[in-house]
Structures are given as structure tokens and as C-alpha cells.
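K.L.:
Got structure02.txt for you, compact mmCIF, C-alpha atoms:
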```txt
# COMPACT_ATOMS: atom_id res chain seq x y z
CA MET A 30 -5.07 -15.16 -11.87
CA HIS A 31 -5.22 -15.16 -15.66
CA ALA A 32 -2.69 -16.37 -18.22
CA ASP A 33 -3.00 -13.13 -20.19
CA GLU A 34 -2.36 -10.67 -17.35
CA PRO A 35 -1.30 -7.20 -18.56
CA PHE A 36 2.11 -5.79 -17.68
CA LEU A 37 3.02 -2.59 -15.88
CA ALA A 38 4.63 0.22 -17.85
CA ALA A 39 8.42 -0.19 -17.67
CA GLU A 40 8.80 3.19 -15.95
CA ILE A 41 7.10 1.71 -12.89
CA ASP A 42 9.97 -0.59 -11.97
CA GLU A 43 9.76 -0.51 -8.16
CA ALA A 44 6.01 -0.50 -7.57
CA SER A 45 5.50 -0.26 -3.82
CA GLY A 46 1.85 0.59 -3.26
CA LEU A 47 -1.53 0.47 -4.97
CA VAL A 48 -5.01 1.90 -4.47
CA ALA A 49 -8.12 2.08 -6.65
CA SER A 50 -9.23 5.53 -7.75
CA GLN A 51 -12.66 6.57 -6.53
CA ARG A 52 -12.94 9.34 -9.13
CA HIS A 53 -11.93 7.45 -12.26
CA ALA A 54 -13.37 4.03 -13.08
CA GLY A 55 -10.78 1.36 -13.87
CA VAL A 56 -7.87 3.52 -12.66
CA TYR A 57 -5.37 2.75 -9.90
CA TRP A 58 -2.69 4.89 -8.27
CA THR A 59 0.78 3.52 -7.61
CA HIS A 60 4.33 4.76 -7.07
CA ASN A 61 7.90 3.57 -7.13
CA ASP A 62 9.98 3.01 -4.03
CA ASN A 63 12.27 5.78 -2.76
CA VAL A 64 14.65 5.44 -5.72
CA ASN A 65 13.04 6.22 -9.09
CA LEU A 66 16.08 5.97 -11.33
CA PRO A 67 17.15 2.50 -12.51
CA ALA A 68 20.74 1.45 -11.65
CA SER A 69 21.11 4.51 -9.41
CA ASN A 70 20.95 5.30 -5.70
CA ARG A 71 19.81 8.84 -6.45
CA ALA A 72 16.16 9.52 -5.74
CA GLY A 73 14.13 10.76 -8.67
CA PRO A 74 11.09 13.04 -8.61
CA ALA A 75 8.32 12.28 -6.11
CA LEU A 76 5.90 10.77 -8.63
CA LEU A 77 2.50 9.15 -8.35
CA TYR A 78 1.25 7.20 -11.37
CA ALA A 79 -2.35 6.69 -12.45
CA ILE A 80 -2.56 3.41 -14.37
CA GLY A 81 -5.40 1.72 -16.22
CA GLU A 82 -6.56 -1.87 -16.07
CA ASP A 83 -3.96 -2.56 -18.75
CA GLY A 84 -1.12 -1.38 -16.49
CA GLN A 85 -0.29 1.59 -18.71
CA ILE A 86 0.20 5.12 -17.40
CA ARG A 87 -2.76 7.50 -17.60
CA GLU A 88 -1.19 10.31 -15.60
CA ARG A 89 1.96 11.30 -13.73
CA LEU A 90 1.57 13.46 -10.64
CA GLU A 91 4.74 15.07 -9.27
CA LEU A 92 4.55 16.14 -5.64
CA VAL A 93 6.44 19.35 -4.97
CA GLN A 94 7.86 20.57 -1.67
CA VAL A 95 7.95 16.99 -0.45
CA GLN A 96 10.78 15.35 1.46
CA ARG A 97 10.84 11.67 0.58
CA ARG A 98 12.72 8.99 2.49
CA ASP A 99 11.09 5.61 1.81
CA TRP A 100 7.65 5.59 0.19
CA GLU A 101 6.10 2.18 0.72
CA ALA A 102 2.31 2.49 0.57
CA ILE A 103 -0.63 4.50 -0.70
CA THR A 104 -4.31 4.60 0.25
CA ARG A 105 -7.18 7.06 -0.15
CA MET A 106 -9.75 8.85 1.98
CA PRO A 107 -12.57 11.36 1.55
CA LEU A 108 -12.04 14.89 2.86
CA ASP A 109 -14.52 17.77 2.66
CA GLY A 110 -16.16 16.32 -0.43
CA ARG A 111 -12.84 15.67 -2.16
CA GLU A 112 -10.91 12.50 -2.88
CA VAL A 113 -7.49 12.51 -1.22
CA LEU A 114 -4.56 10.17 -1.86
CA VAL A 115 -2.56 9.29 1.26
CA VAL A 116 1.10 8.46 0.60
CA GLY A 117 3.00 6.62 3.32
CA ASP A 118 6.66 7.45 3.91
CA ILE A 119 6.74 4.58 6.37
CA GLY A 120 9.55 2.27 5.26
CA ASP A 121 12.40 1.66 7.70
CA ASN A 122 14.38 -1.49 6.86
CA ARG A 123 16.79 -1.01 9.76
CA GLN A 124 14.07 0.19 12.16
CA ARG A 125 15.93 3.25 13.35
CA HIS A 126 14.07 6.34 12.07
CA PRO A 127 12.84 8.81 14.72
CA HIS A 128 9.50 9.40 12.97
CA TYR A 129 7.40 8.64 9.86
CA ARG A 130 5.08 10.70 7.69
CA LEU A 131 1.87 10.62 5.67
CA TRP A 132 1.33 13.03 2.76
CA PHE A 133 -2.18 14.07 1.72
CA VAL A 134 -2.70 14.87 -1.97
CA GLU A 135 -5.94 15.75 -3.73
CA GLU A 136 -6.69 13.33 -6.55
CA PRO A 137 -6.96 15.15 -9.90
CA ALA A 138 -10.48 15.56 -11.25
CA GLN A 139 -9.25 14.92 -14.79
CA LEU A 140 -6.57 12.68 -16.29
CA ARG A 141 -4.85 13.67 -19.51
CA SER A 142 -5.15 11.34 -22.47
CA ALA A 143 -1.62 12.14 -23.70
CA VAL A 144 0.90 12.19 -20.84
CA ILE A 145 4.19 13.98 -21.47
CA GLU A 146 5.37 16.03 -18.50
CA PRO A 147 4.07 15.30 -14.98
CA VAL A 148 1.43 17.53 -13.47
CA LYS A 149 2.95 19.26 -10.46
CA SER A 150 0.89 19.17 -7.27
CA LYS A 151 1.53 20.60 -3.83
CA PRO A 152 0.22 18.31 -1.07
CA LEU A 153 -2.67 19.54 1.03
CA GLY A 154 -0.64 18.75 4.13
CA SER A 155 1.23 16.06 6.03
CA LEU A 156 1.16 14.19 9.32
CA ARG A 157 4.25 13.11 11.23
CA PHE A 158 3.94 10.16 13.59
CA THR A 159 5.78 7.72 15.82
CA TYR A 160 4.85 4.37 17.35
CA PRO A 161 4.27 3.92 21.08
CA ASP A 162 6.83 1.10 21.27
CA GLY A 163 9.74 2.35 19.15
CA ALA A 164 10.70 2.26 15.47
CA HIS A 165 9.05 -0.12 12.99
CA ASP A 166 9.35 -0.93 9.31
CA ALA A 167 5.96 -0.84 7.57
CA GLU A 168 4.70 -1.12 4.00
CA SER A 169 0.92 -1.27 4.48
CA LEU A 170 -1.75 1.44 4.72
CA ALA A 171 -5.54 1.31 4.59
CA TRP A 172 -8.32 3.83 5.21
CA ASP A 173 -10.90 2.50 7.69
CA ALA A 174 -14.16 4.36 7.10
CA THR A 175 -15.72 2.78 10.20
CA SER A 176 -13.29 4.51 12.55
CA GLY A 177 -12.32 7.39 10.27
CA ARG A 178 -8.67 6.47 10.82
CA VAL A 179 -5.80 5.22 8.66
CA LEU A 180 -4.44 1.78 9.57
CA VAL A 181 -0.71 0.98 9.46
CA LEU A 182 0.59 -2.60 9.57
CA THR A 183 4.22 -3.34 10.51
CA LYS A 184 6.32 -5.70 8.45
CA ARG A 185 9.38 -7.15 10.21
CA ASP A 186 7.92 -7.97 13.62
CA GLU A 187 7.50 -11.64 14.53
CA THR A 188 3.78 -10.92 14.87
CA PRO A 189 2.90 -7.84 12.77
CA GLY A 190 1.28 -5.00 14.68
CA LEU A 191 -1.73 -3.03 13.48
CA TYR A 192 -1.78 0.64 14.48
CA SER A 193 -4.10 3.50 13.61
CA LEU A 194 -3.78 7.25 13.10
CA ASP A 195 -6.12 10.19 13.46
CA VAL A 196 -6.04 11.75 9.99
CA SER A 197 -8.56 14.50 10.55
CA ARG A 198 -7.35 17.81 9.18
CA ALA A 199 -6.98 19.16 12.73
CA ALA A 200 -4.26 16.53 13.32
CA TRP A 201 -2.10 17.58 10.38
CA GLY A 202 1.08 19.55 10.90
CA ALA A 203 1.74 18.06 14.32
CA SER A 204 3.42 14.92 15.64
CA GLN A 205 1.18 12.04 16.68
CA VAL A 206 1.74 8.76 18.49
CA ALA A 207 -0.02 5.94 16.60
CA ARG A 208 -2.60 3.95 18.54
CA PHE A 209 -1.97 0.23 18.88
CA GLU A 210 -4.97 -1.83 17.70
CA ALA A 211 -4.04 -5.51 17.42
CA ARG A 212 -1.49 -8.11 16.43
CA LEU A 213 -1.90 -10.47 13.53
CA PRO A 214 -1.46 -14.20 14.00
CA PRO A 215 1.60 -15.73 12.31
CA LEU A 216 1.30 -15.76 8.53
CA PRO A 217 3.05 -18.93 7.32
CA ALA A 218 3.93 -19.17 3.64
CA PRO A 219 1.41 -21.64 2.13
CA ASP A 220 4.01 -22.98 -0.33
CA PRO A 221 7.20 -24.04 1.52
CA VAL A 222 8.71 -25.57 -1.62
CA SER A 223 8.72 -22.19 -3.38
CA GLY A 224 10.27 -20.73 -0.25
CA LEU A 225 13.24 -23.07 -0.51
CA MET A 226 13.65 -22.20 -4.19
CA SER A 227 13.71 -18.47 -3.43
CA PRO A 228 16.65 -18.08 -1.02
CA LEU A 229 16.58 -14.26 -0.95
CA ILE A 230 12.87 -13.70 -0.44
CA GLY A 231 11.76 -17.11 0.82
CA PRO A 232 12.77 -16.63 4.48
CA HIS A 233 10.72 -13.42 4.52
CA ALA A 234 7.74 -14.78 2.59
CA HIS A 235 5.37 -14.28 5.53
CA GLN A 236 6.07 -10.56 6.00
CA PRO A 237 3.21 -8.17 5.10
CA THR A 238 4.02 -5.87 2.20
CA ASP A 239 0.62 -4.21 1.78
CA MET A 240 -3.00 -4.44 2.84
CA ALA A 241 -6.35 -3.33 1.45
CA LEU A 242 -9.70 -2.93 3.17
CA HIS A 243 -12.74 -3.96 1.13
CA PRO A 244 -15.25 -1.20 0.29
CA ASP A 245 -17.68 -2.82 2.74
CA GLY A 246 -15.15 -2.20 5.53
CA ARG A 247 -15.34 -5.78 6.80
CA ARG A 248 -12.78 -7.72 4.75
CA LEU A 249 -9.09 -6.99 5.18
CA ALA A 250 -6.69 -8.42 2.60
CA VAL A 251 -3.03 -8.65 3.62
CA LEU A 252 -0.34 -9.22 0.98
CA SER A 253 2.94 -11.05 1.51
CA TYR A 254 5.63 -12.31 -0.86
CA ALA A 255 3.79 -15.62 -1.14
CA ALA A 256 0.07 -15.14 -0.60
CA VAL A 257 -2.91 -12.93 0.13
CA TYR A 258 -4.51 -13.47 3.53
CA LEU A 259 -8.17 -12.58 4.03
CA PHE A 260 -9.49 -11.56 7.45
CA ALA A 261 -13.18 -10.88 8.11
CA ARG A 262 -14.79 -8.93 10.92
CA GLU A 263 -18.38 -8.84 12.06
CA LYS A 264 -20.35 -5.61 12.23
CA ASP A 265 -18.99 -3.37 15.03
CA GLU A 266 -16.32 -5.97 15.85
CA PRO A 267 -12.93 -4.49 16.84
CA TRP A 268 -9.86 -5.48 14.87
CA ALA A 269 -8.32 -6.86 18.06
CA THR A 270 -10.97 -9.60 17.96
CA ALA A 271 -11.27 -10.12 14.21
CA LEU A 272 -7.55 -10.54 13.63
CA GLN A 273 -7.21 -13.38 16.11
CA ARG A 274 -9.07 -15.74 13.81
CA GLN A 275 -6.99 -17.67 11.31
CA PRO A 276 -7.27 -16.01 7.88
CA ARG A 277 -8.01 -17.66 4.56
CA ALA A 278 -4.81 -17.88 2.51
CA LEU A 279 -4.78 -17.45 -1.27
CA PRO A 280 -1.40 -18.61 -2.65
CA LEU A 281 0.26 -16.52 -5.36
CA PRO A 282 1.92 -18.13 -8.43
CA VAL A 283 5.48 -17.92 -7.08
CA ILE A 284 7.26 -16.21 -4.22
CA ALA A 285 8.21 -12.78 -5.58
CA GLN A 286 8.48 -9.14 -4.50
CA TYR A 287 4.76 -8.46 -4.43
CA GLU A 288 4.50 -4.95 -3.00
CA GLY A 289 1.10 -3.40 -3.74
CA LEU A 290 -2.47 -4.59 -3.19
CA ALA A 291 -5.86 -2.98 -3.88
CA TRP A 292 -9.49 -3.97 -4.12
CA SER A 293 -11.15 -2.86 -7.32
CA ARG A 294 -13.65 -0.05 -6.88
CA ASP A 295 -16.56 -2.51 -7.03
CA GLY A 296 -14.88 -4.83 -4.50
CA LYS A 297 -14.98 -7.87 -6.79
CA THR A 298 -11.29 -8.19 -7.61
CA LEU A 299 -7.91 -7.80 -5.95
CA ARG A 300 -5.13 -6.26 -8.03
CA ILE A 301 -1.44 -6.80 -7.22
CA VAL A 302 1.78 -5.11 -8.35
CA GLN A 303 5.36 -6.14 -7.75
CA GLU A 304 8.85 -4.73 -8.06
CA GLY A 305 10.72 -5.11 -11.34
CA ALA A 306 10.46 -3.64 -14.83
CA GLY A 307 7.68 -5.06 -17.01
CA THR A 308 6.10 -7.15 -14.27
CA PRO A 309 2.52 -8.51 -14.48
CA PHE A 310 -0.39 -6.44 -13.14
CA LEU A 311 -2.07 -9.39 -11.44
CA SER A 312 -5.76 -9.85 -10.74
CA LEU A 313 -7.23 -12.22 -8.19
CA ALA A 314 -10.88 -13.05 -7.58
CA PRO A 315 -11.13 -14.05 -3.90
```
Have the structure of the file written as C-alpha cells, please.
P.N.:
Amino acid sequence: MHADEPFLAAEIDEASGLVASQRHAGVYWTHNDNVNLPASNRAGPALLYAIGEDGQIRERLELVQVQRRDWEAITRMPLDGREVLVVGDIGDNRQRHPHYRLWFVEEPAQLRSAVIEPVKSKPLGSLRFTYPDGAHDAESLAWDATSGRVLVLTKRDETPGLYSLDVSRAAWGASQVARFEARLPPLPAPDPVSGLMSPLIGPHAHQPTDMALHPDGRRLAVLSYAAVYLFAREKDEPWATALQRQPRALPLPVIAQYEGLAWSRDGKTLRIVQEGAGTPFLSLAP
């Protein structure tokens, strides 16, 4: 962490996901939670934001013909020579929804230097899914190039569950049951004092709010309200084995609503966003 961290543009006041662009150096994609309009319960446009290293907006992408319930995560994947953003409508605070959905959106080849009105984009498709063991709240997505599947990590379970989805184009447009992969060990908050000083978030400080898989495919970073946890797997090792080892914990400055995590494109830095207007765009060198 650096004392002179940049701040997110004020328009991004409920940042809930983050992923590094593979097409544009130094650019990340993020989005607000399901409600875009401050001081309102009315959902705004379904917007994705491209931001620079300085946290300022480089592009707004408005998804059309999209039904949005609770966007909580974003990742990316290659598809037929194109870069595709994967948006996760996977939040479910009360754990009662009958199904969840991923939206697949082609990443723009160019970003405008002067952003006024959003570029409208129709998603390439979507995938509806359920879990094999009932409803779950989740805020974490990651593309696993080794398996060619998207990983989903649950949030509110006593031991978070890792599931995976077939995201091949042949699977789109249908309903899929996610495949259970593993359970994480307990993730205790490394700073109990901060937990006591944060009565609203402190009791939930261990819950995963995002994850990011390193470009080498072997280091999984899991974000909580208090820390980043780093898991490592050996070559060809299944997640069910790798996630049983105790992770390395990197404490964050304070317990806060950290919601989005991404490795930089070169894999040297972790970037973190949190909810709130004008919040820092944190960087962490693990």
C-alpha cells in the first residue's frame, strides 16, 4: 500500500468487482452494485466502467437487454480470439433466489479519450445456473484457464464453497448446475482489534468478497473485509487439495467494504476497490 494511492471517480460509488483488461494496458473494468443511483433504491443503467491506474473513467459500457438483480463480480476469458468480460449476477444476501446468471460481453477494442455518453453493447449471451446444494450468496468470480471453467466462491457459508461452471459457448442459453470443487479453510480476520472497532462489518470480516487468479494460474488471491489471503497450488494439483493448506494473510489498512480484487496484467500487483464515493484505488505488492 502507498500513502499517495489514487481515488476512484465519484460516479463509481458502489464498486463491487474488478478485473484487469487484457486488451488495454493499465486499464481495469469495474461496476457498481445493483443500485447505481446514490440515495435511491432504483437501479440505474447496467454500466461497466473502464478505469485507468489513476482510478479515473476511460470508458462507460452500457449493457442493453440485460436483466440485473445483484451484480457482484466481474472476470474475463478468451473466446474465439476475442476478449470477453464475464459479469456475475450472483449476489443473494438472503440466499433465496432460484437461480443466478453470468453475462458475456465482448471487451471494446478501443476506448474513447473523451467519455460523454456510454457506449451501448448487447451481450454475446448469458448462462443461468444453480448450485447443487441450494441457494448461496456469492461475490467472487475467476476464470481458470487450466480447466477452462469459471470459478465461483460463496460468501456467507461458515466454510466458503468453491464451485465451477462450464462457460463454453455451447453451454450458454441453458440452465446449468455448478460443480462443487472444494471448501476453503476458515479465514480469520488477522486484526481482531479493528474488528471490534467496526461493529457493522467486523463480525463479517472473514467473508470473501472477491477473488482473483494470477496469470500463471497457480496463485489464488481471496479478498475479505480485512485481508487478502493467498493460496498456491502445484502444477496439475486440484483445488480440493490446494485449498486445504493454510493461506498467507496480507492485512489491509482497516476493516472496510473492500469489494473488488484483481491482479495487474503482469501479475506483479494486486489492485483493490471498495464501496463508497471517492474511495482509494489500492495497490498491494504480495
K.L.:
Would you kindly return, as a PyMOL selection string, each protein, DNA or RNA residue with an atom no farther than 6 Å from any atom of stretch 77-87 of chain A, considering all atoms listed in the file and excluding same-chain residues fewer than 6 positions away?
P.N.:
chain A and resi 35-38+55-60
K.L.:
Any chance you can output those residues with C-alpha atoms as a short mmCIF file (atom, residue, chain, number, x, y, z; two decimals), in the coordinates of the input?
P.N.:
```
data_model
loop_
_atom_site.label_atom_id
_atom_site.label_comp_id
_atom_site.auth_asym_id
_atom_site.auth_seq_id
_atom_site.Cartn_x
_atom_site.Cartn_y
_atom_site.Cartn_z
CA PRO A 35 -1.30 -7.20 -18.56
CA PHE A 36 2.11 -5.79 -17.68
CA LEU A 37 3.02 -2.59 -15.88
CA ALA A 38 4.63 0.22 -17.85
CA GLY A 55 -10.78 1.36 -13.87
CA VAL A 56 -7.87 3.52 -12.66
CA TYR A 57 -5.37 2.75 -9.90
CA TRP A 58 -2.69 4.89 -8.27
CA THR A 59 0.78 3.52 -7.61
CA HIS A 60 4.33 4.76 -7.07
#
```
K.L.:
Would you mind listing what lies within 10 Å of A:Pro107 as a PyMOL selection string, with all atoms listed in the file counted and same-chain residues fewer than 5 positions away left out?
P.N.:
chain A and resi 51+112-114+135+172+174+177
K.L.:
How about saving the chosen residues, C-alpha atoms kept, as an mmCIF file, in the coordinates of the input?
P.N.:
```cif
data_model
loop_
_atom_site.group_PDB
_atom_site.id
_atom_site.type_symbol
_atom_site.label_atom_id
_atom_site.label_comp_id
_atom_site.auth_asym_id
_atom_site.auth_seq_id
_atom_site.Cartn_x
_atom_site.Cartn_y
_atom_site.Cartn_z
ATOM 1 C CA GLN A 51 -12.660 6.570 -6.530
ATOM 2 C CA GLU A 112 -10.910 12.500 -2.880
ATOM 3 C CA VAL A 113 -7.490 12.510 -1.220
ATOM 4 C CA LEU A 114 -4.560 10.170 -1.860
ATOM 5 C CA GLU A 135 -5.940 15.750 -3.730
ATOM 6 C CA TRP A 172 -8.320 3.830 5.210
ATOM 7 C CA ALA A 174 -14.160 4.360 7.100
ATOM 8 C CA GLY A 177 -12.320 7.390 10.270
#
```
K.L.:
Just to confirm, what's the straight-line distance from atom CA of A:Pro217 to atom CA of A:Arg178 in Å (one decimal)?
P.N.:
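Atom CA of A:Arg178 lies 28.2 Å from atom CA of A:Pro217.
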K.L.:
Considering only C-alpha atoms, return as a list in words whatever protein or nucleic-acid residues lie within 7 Å of A:Val116, sequence-local ones (same chain, fewer than 5 positions apart) excluded.
P.N.:
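Residues meeting the cut-off are Ala102, Ile103, Thr104, Leu131, Trp132 and Phe133 of chain A.
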K.L.:
Between atom CA of A:Ser142 and atom CA of A:Glu101, measure the distance and give it in Å to one decimal.
P.N.:
27.4 Å
K.L.:
With only C-alpha atoms as the counted atoms, please give the residues lying no more than 9 Å from A:Arg300, apart from itself and same-chain residues fewer than 6 positions off, as a list in words.
P.N.:
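Selected residues are Leu47, Val48, Ala49, Gly289, Leu290, Ala291, Trp292, Ser293, Phe310, Leu311, Ser312, Leu313 and Ala314 of chain A.
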K.L.:
Take the residues from that selection and put them in a file with C-alpha atoms, as a PDB file, in the frame of the given file.
P.N.:
```
ATOM      1  CA  LEU A  47      -1.530   0.470  -4.970  1.00  0.00           C
ATOM      2  CA  VAL A  48      -5.010   1.900  -4.470  1.00  0.00           C
ATOM      3  CA  ALA A  49      -8.120   2.080  -6.650  1.00  0.00           C
ATOM      4  CA  GLY A 289       1.100  -3.400  -3.740  1.00  0.00           C
ATOM      5  CA  LEU A 290      -2.470  -4.590  -3.190  1.00  0.00           C
ATOM      6  CA  ALA A 291      -5.860  -2.980  -3.880  1.00  0.00           C
ATOM      7  CA  TRP A 292      -9.490  -3.970  -4.120  1.00  0.00           C
ATOM      8  CA  SER A 293     -11.150  -2.860  -7.320  1.00  0.00           C
ATOM      9  CA  PHE A 310      -0.390  -6.440 -13.140  1.00  0.00           C
ATOM     10  CA  LEU A 311      -2.070  -9.390 -11.440  1.00  0.00           C
ATOM     11  CA  SER A 312      -5.760  -9.850 -10.740  1.00  0.00           C
ATOM     12  CA  LEU A 313      -7.230 -12.220  -8.190  1.00  0.00           C
ATOM     13  CA  ALA A 314     -10.880 -13.050  -7.580  1.00  0.00           C
TER      14      ALA A 314
END
```
K.L.:
Might I get the box with edges along x, y and z of the file that holds all atoms of stretch 301-306 of chain A listed there, padded by 8 Å on every side, given as centre and edge lengths in Å to one decimal, as JSON?
P.N.:
```
{"center_x": 4.6, "center_y": -5.2, "center_z": -11.0, "size_x": 28.2, "size_y": 19.2, "size_z": 23.6}
```
K.L.:
Using all atoms listed in the file and a cutoff of 8 Å, can you tell me which residues are near (8.1, 8.1, 14.7) in the file's coordinates, and write them out as an MDAnalysis selection string?
P.N.:
chainID A and resid 126:129 157:160 163:164 206
K.L.:
One number please: atom CA of A:His165 to atom CA of A:Pro152, in Å, one decimal.
P.N.:
24.8 Å
K.L.:
So that I can see what lies close to A:Ala256, please list as a PDB file with C-alpha atoms, in the coordinates of the input the residues with an atom at most 6 Å from it, counting all atoms listed in the file and leaving out residues fewer than 6 positions away in the same chain.
P.N.:
```pdb
ATOM      1  CA  LEU A 279      -4.780 -17.450  -1.270  1.00  0.00           C
ATOM      2  CA  PRO A 280      -1.400 -18.610  -2.650  1.00  0.00           C
ATOM      3  CA  LEU A 281       0.260 -16.520  -5.360  1.00  0.00           C
TER       4      LEU A 281
END
```
K.L.:
Pick the closest to A:Pro215 from A:Gly46, A:Pro267, A:Gly307, A:Pro189: which is it, counting only C-alpha atoms?
P.N.:
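Using only C-alpha atoms, A:Pro215 sits closest to A:Pro189.
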K.L.:
When you count only C-alpha atoms, which of these residues is closest to A:Val196: A:Arg105, A:Arg262, A:His53, A:Lys149?
P.N.:
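Nearest candidate to A:Val196 out of A:Arg105, A:Arg262, A:His53, A:Lys149: A:Arg105.
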K.L.:
Output stretch 78-93 of chain A as a PDB file, in the coordinates of the input, making sure N, CA and C atoms are there.
P.N.:
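Here's the written file selection-v1.pdb:
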```pdb
ATOM      1  N   TYR A  78       1.676   7.606 -10.030  1.00  0.00           N
ATOM      2  CA  TYR A  78       1.250   7.200 -11.370  1.00  0.00           C
ATOM      3  C   TYR A  78      -0.211   6.733 -11.318  1.00  0.00           C
ATOM      4  N   ALA A  79      -1.027   7.245 -12.220  1.00  0.00           N
ATOM      5  CA  ALA A  79      -2.350   6.690 -12.450  1.00  0.00           C
ATOM      6  C   ALA A  79      -2.214   5.677 -13.584  1.00  0.00           C
ATOM      7  N   ILE A  80      -2.663   4.449 -13.350  1.00  0.00           N
ATOM      8  CA  ILE A  80      -2.560   3.410 -14.370  1.00  0.00           C
ATOM      9  C   ILE A  80      -3.956   2.837 -14.638  1.00  0.00           C
ATOM     10  N   GLY A  81      -4.143   2.348 -15.850  1.00  0.00           N
ATOM     11  CA  GLY A  81      -5.400   1.720 -16.220  1.00  0.00           C
ATOM     12  C   GLY A  81      -5.385   0.236 -15.926  1.00  0.00           C
ATOM     13  N   GLU A  82      -6.478  -0.427 -16.252  1.00  0.00           N
ATOM     14  CA  GLU A  82      -6.560  -1.870 -16.070  1.00  0.00           C
ATOM     15  C   GLU A  82      -5.500  -2.608 -16.881  1.00  0.00           C
ATOM     16  N   ASP A  83      -4.994  -1.950 -17.911  1.00  0.00           N
ATOM     17  CA  ASP A  83      -3.960  -2.560 -18.750  1.00  0.00           C
ATOM     18  C   ASP A  83      -2.553  -2.314 -18.222  1.00  0.00           C
ATOM     19  N   GLY A  84      -2.423  -1.637 -17.075  1.00  0.00           N
ATOM     20  CA  GLY A  84      -1.120  -1.380 -16.490  1.00  0.00           C
ATOM     21  C   GLY A  84      -0.374  -0.206 -17.084  1.00  0.00           C
ATOM     22  N   GLN A  85      -0.979   0.480 -18.057  1.00  0.00           N
ATOM     23  CA  GLN A  85      -0.290   1.590 -18.710  1.00  0.00           C
ATOM     24  C   GLN A  85      -0.630   2.919 -18.033  1.00  0.00           C
ATOM     25  N   ILE A  86       0.294   3.854 -18.140  1.00  0.00           N
ATOM     26  CA  ILE A  86       0.200   5.120 -17.400  1.00  0.00           C
ATOM     27  C   ILE A  86      -0.842   6.032 -18.028  1.00  0.00           C
ATOM     28  N   ARG A  87      -1.746   6.525 -17.198  1.00  0.00           N
ATOM     29  CA  ARG A  87      -2.760   7.500 -17.600  1.00  0.00           C
ATOM     30  C   ARG A  87      -2.404   8.919 -17.152  1.00  0.00           C
ATOM     31  N   GLU A  88      -1.581   9.001 -16.114  1.00  0.00           N
ATOM     32  CA  GLU A  88      -1.190  10.310 -15.600  1.00  0.00           C
ATOM     33  C   GLU A  88       0.018  10.164 -14.680  1.00  0.00           C
ATOM     34  N   ARG A  89       0.857  11.200 -14.682  1.00  0.00           N
ATOM     35  CA  ARG A  89       1.960  11.300 -13.730  1.00  0.00           C
ATOM     36  C   ARG A  89       1.713  12.532 -12.875  1.00  0.00           C
ATOM     37  N   LEU A  90       1.778  12.365 -11.570  1.00  0.00           N
ATOM     38  CA  LEU A  90       1.570  13.460 -10.640  1.00  0.00           C
ATOM     39  C   LEU A  90       2.842  13.641  -9.834  1.00  0.00           C
ATOM     40  N   GLU A  91       3.500  14.796  -9.991  1.00  0.00           N
ATOM     41  CA  GLU A  91       4.740  15.070  -9.270  1.00  0.00           C
ATOM     42  C   GLU A  91       4.456  15.928  -8.050  1.00  0.00           C
ATOM     43  N   LEU A  92       4.769  15.405  -6.884  1.00  0.00           N
ATOM     44  CA  LEU A  92       4.550  16.140  -5.640  1.00  0.00           C
ATOM     45  C   LEU A  92       5.723  17.090  -5.402  1.00  0.00           C
ATOM     46  N   VAL A  93       5.410  18.342  -5.203  1.00  0.00           N
ATOM     47  CA  VAL A  93       6.440  19.350  -4.970  1.00  0.00           C
ATOM     48  C   VAL A  93       6.476  19.711  -3.490  1.00  0.00           C
TER      49      VAL A  93
END
```
